[in-house]
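S.K.: Can you keep this structure in mind? I'll have questions shortly.
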Amino acid sequence: MLQSDLTALWLTIKLAFITAILLLAFCIPVAYKLAGYKGKFKPFLEALIAMPLVLPPTLLGFYLLVLFSPTHAFGQFWFWLTGTQLAFSFQGVVIGSLFYSLPFVMQPLVAGFKQINQTYNEAAIALGLSHYKRFVYLILPLLKPSIGSAFALGFAHTLGEFGLVLMIGGNIQGQTQVVSIALYDHVESLNYAAAHQLSLILLAISFACLVLLFKFNKSIVGVKQ
Amino acid sequence: MSKLYNTLLGYFLFVFCVFSSTLSAKETLHVAVASNFKTVLQTLLQESPLPGVQVKISAASSGVLYSQIVHGAPFDVFLSADDVRPQALIKEGLASQSSLVTYALGELALWQPNADKVNNKVAIANPRFSPYGRASEFYANAHFKKPISYVYGNNITQAFQFVQSGNVSIGLVAVSTLKAAYSNTQNPKYLDYKVLEASEYPDIIQQGVIVKSTKKMASAKKLMDFLISSSTQLKLIKLGYRSKDSNASK
Amino acid sequence: MIKLTLFKALNNFNLDINLQLESFNIAGVFGPSGSGKSTLLRCISGLEGKQSIYINNQPVHHLPSDKRGVTLQVQSCPLFPHLDVAGNLAFTQKHCANRQTDLSEQEVITALELQPLLKRNVQSLSGGERQRVVFARTLLAGQKLIILDEPFSALDWPLRFKILTTMSNLAAKFNIKFIIVSHSLKELLFCCDTLIQLEKGKVINQGPSGLVAKAIYVNNKQTPLSLLNYDIIKFDEKYGVYHLQIKQSEQQLFVSPNAVEQGGKLVIESEQIAISAIKPIHSENTNVLVCILTSAEVIDSNWQLTLNVDGQTLYCLLSARVWDQSNYNVGDTLYAAIHNLE
């Protein structure tokens, strides 16, 4: 196996892991609020979060490229903050992946919170448990399976990310050349043997992720009484 | 009354359809064309349509089109962005050597639209599979201070986008892309480039072949002849390609 | 000690309640399903609506649920599935702040006979077992006002009477006030001292449970259930029966352990009672109580008689034919034979 492919593989796993962790940290509080929110903006918020599901990743990537540009306020702000440029950097790809995989992490969490809210949370409020105790001792433990699925989905979905990284990555080894890009390179340069090998590995990793996901789903306890 | 009107209208529509279908009894030619030549081909055919041939264009990257043809995609003509893939098709026995033509020679420009440098990255097309990329890399290695940190576009158009969006200061891009961008927007920043000397980088040869399995050989040949005709080649120079003559003189 | 003014538009009617409950230990809220019972409870506990509510003369309507000193056990209240039975019991005791009773986990487990269930997974419990554990968990939240919404609907009657008796004992011992919602008048009559009748979002009757219950029975053209308080004299081991004495009376009864173990009251349906004007022969060997006829009224072409047994009340029903032939008058001394006690 090519050294560059190994680098790409490691980079992809790192990217997927970091993305899934960051998304969990962001999505757990947001999903908690969203699951309990019943206002008139609910459909709009839900649609906004689901947007990356329907937007072509290349489109998302193109606008991120514009956003990251030093001619744009955001790009300038980031440069002022860190002294680096987001486009063609690992951080940039992470930011892109956060958008790209957001719905895959958010939706299982919202569903989990909704289910807990409807049955257990209300019972706990009525028992007289404070907000903090409910969240820490009841909701989070009950949410574990949903957190597991959200992580697995976010991770697996980021593994296969292509169009977006293609747009904002610039195909730099060890920085932005993820497996899907390396695969594309192999196909484009007619190096089918290397492509087959790499896809087989990607396939195996993704499959393992999904197996874990379904295992988590099965272990959800006490959904109905 | 309205019923009569409707029947009359229906009659006219029917007659119109019959006529137009007989009038447009052209042979449809399926052409697989590399993305960066798609709009150029459309422009050329719009200005002088091929008599009796209707060209249907499928655009994608040359690598994708190549593997589609290998796996039996029903294309009649393949216009690649390089010379490797058409020749690979001939080697595989899927295209005939006699149909191989060089229909265009790419021309490179150094483009730095903003005076202030945001970084020292250089945007080029990916040299692993793009002839523009190989030429760009060759030029940069000879002329730029090392080490060079490249940003690879998936094709020459993407290298252009990296510079256009302001994420990279310098790019080696196709003259044809810049000219197309200028004619679309009239923005003077697309005029501010330096055409590279043809002797300073290897030829960017864009070749095309007729797919062997085609049943429309005559129409396919018509298209090939049209592409290499001197009037078309003159037009291509205006659109940002090099003439074949300058190639010959090299 | 509870004063509330509620107004809330519900789907089919408005919940419009002005209620003042002064002294009670166990108050019952009775009403058909969809009469606004659950909403009333949710408002008191703070799950719904910002309504005017005073508990012990303190306004609580601005407080969140966990600061009101009230525990609500919602209808079909779930156990927490990530914990076993013991874990569920420990949960509220550990995490509920401001506990006001020193009711210990062990006391609750003993009182509700939960010892054999402690290690069980909550999914494996039957409906009745689950409701007992839920009730125990509610008690362990440690508040002095506990509101229960249909808490024992899955228990059969003997077990239900037993747990209601336990509840009464706990109320007395730990000075806990209960408000219990049920659509079963029998259940409420058995345990409550105060009864509130709700219909279409309004309180239509409120008062001592005996009076309100009787009014409801009469309204529904039913004969009320009779409850007799008693003291145990002894357990006759030879025959396996209890020997009871009616409270504030010399009169005695022989009763099977089943009926006694339910708790301090005998529940007597009108069908169990047969009356006569002359003392039955061998009355010492059967369960016969001497009583005085205090009123008789026609209910649906039958006669309902109210009998006074040394201060307690029995209700029984006679067909019009029997009534006409027997010629009883108010004030007569009658003999009530009570069947199916032994």
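A note on labels: chains of the structure tokens are A, B, ... as shown, every chain counts residues from 1, and ligands are counted from 1 in their shown order.
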Counting only C-alpha atoms, which residues of chain A come no farther than 6 Å from chain B, as a PyMOL selection string?

M.R.: chain A and resi 66+69+170-171+188-189

S.K.: Give me a file of those residues, with C-alpha atoms, as a PDB file, in the first residue's frame.

M.R.:
```pdb
ATOM      1  CA  VAL A  66     -15.689  32.162  -0.661  1.00  0.00           C
ATOM      2  CA  SER A  69     -11.100  33.835   1.396  1.00  0.00           C
ATOM      3  CA  GLY A 170      -6.633  21.683  -2.491  1.00  0.00           C
ATOM      4  CA  ASN A 171      -5.496  18.044  -2.353  1.00  0.00           C
ATOM      5  CA  GLU A 188      -8.452   9.973 -12.563  1.00  0.00           C
ATOM      6  CA  SER A 189      -4.883   8.853 -13.155  1.00  0.00           C
TER       7      SER A 189
END
```

S.K.: Select all residues from chain A having any atom no more than 6 Å from an atom of chain C (counting only C-alpha atoms, ignoring ligands), output as a ChimeraX atom specification.

M.R.: /A:126-130,222

S.K.: For the residues in the current selection, export N, CA and C atoms as a CSV table (one decimal), in the first residue's frame.

M.R.:
```
chain,number,residue,atom,x,y,z
A,126,ALA,N,-42.1,16.4,37.7
A,126,ALA,CA,-43.2,16.3,38.7
A,126,ALA,C,-42.7,15.7,40.0
A,127,LEU,N,-41.7,14.9,40.0
A,127,LEU,CA,-41.1,14.4,41.2
A,127,LEU,C,-40.4,15.4,42.0
A,128,GLY,N,-40.1,16.5,41.3
A,128,GLY,CA,-39.4,17.6,42.0
A,128,GLY,C,-37.9,17.6,41.9
A,129,LEU,N,-37.4,17.1,40.7
A,129,LEU,CA,-36.0,17.1,40.5
A,129,LEU,C,-35.6,18.4,39.8
A,130,SER,N,-34.4,19.0,40.3
A,130,SER,CA,-34.0,20.3,39.7
A,130,SER,C,-33.5,20.0,38.2
A,222,GLY,N,-35.5,0.3,27.5
A,222,GLY,CA,-36.7,0.8,28.0
A,222,GLY,C,-37.4,1.9,27.3
```

S.K.: Which is closer to Ala171 in chain C than all the others in C:Ser184, C:Asn25, C:Thr110, C:Ser301, using only C-alpha atoms?

M.R.: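 When distances to Ala171 in chain C are compared using only C-alpha atoms, the smallest one comes from C:Asn25.
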
S.K.: Within 12 Å of Pro202 in chain B, counting only C-alpha atoms, which residues show up once you throw out same-chain ones fewer than 5 positions away? Write them as a ChimeraX atom specification, please.

M.R.: /B:105-108,131-139,196-197,247,250

S.K.: Select, from C:Leu159, C:Val322, C:Leu170, C:Ile273, the residue with the minimum atom-to-atom distance to Trp303 in chain C, counting only C-alpha atoms.

M.R.: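 Of C:Leu159, C:Val322, C:Leu170, C:Ile273, the one nearest Trp303 in chain C is C:Val322, counting only C-alpha atoms.
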
S.K.: Excluding same-chain residues fewer than 4 positions from range 97-100 of chain A, what lies within 7 Å of it counting only C-alpha atoms, as a PyMOL selection string?

M.R.: chain A and resi 19+23+52+93+158

S.K.: Tell me, in Å to one decimal, how far CA of Ser199 in chain B is from CA of Arg242 in chain B.

M.R.: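 It comes out at 12.0 Å.
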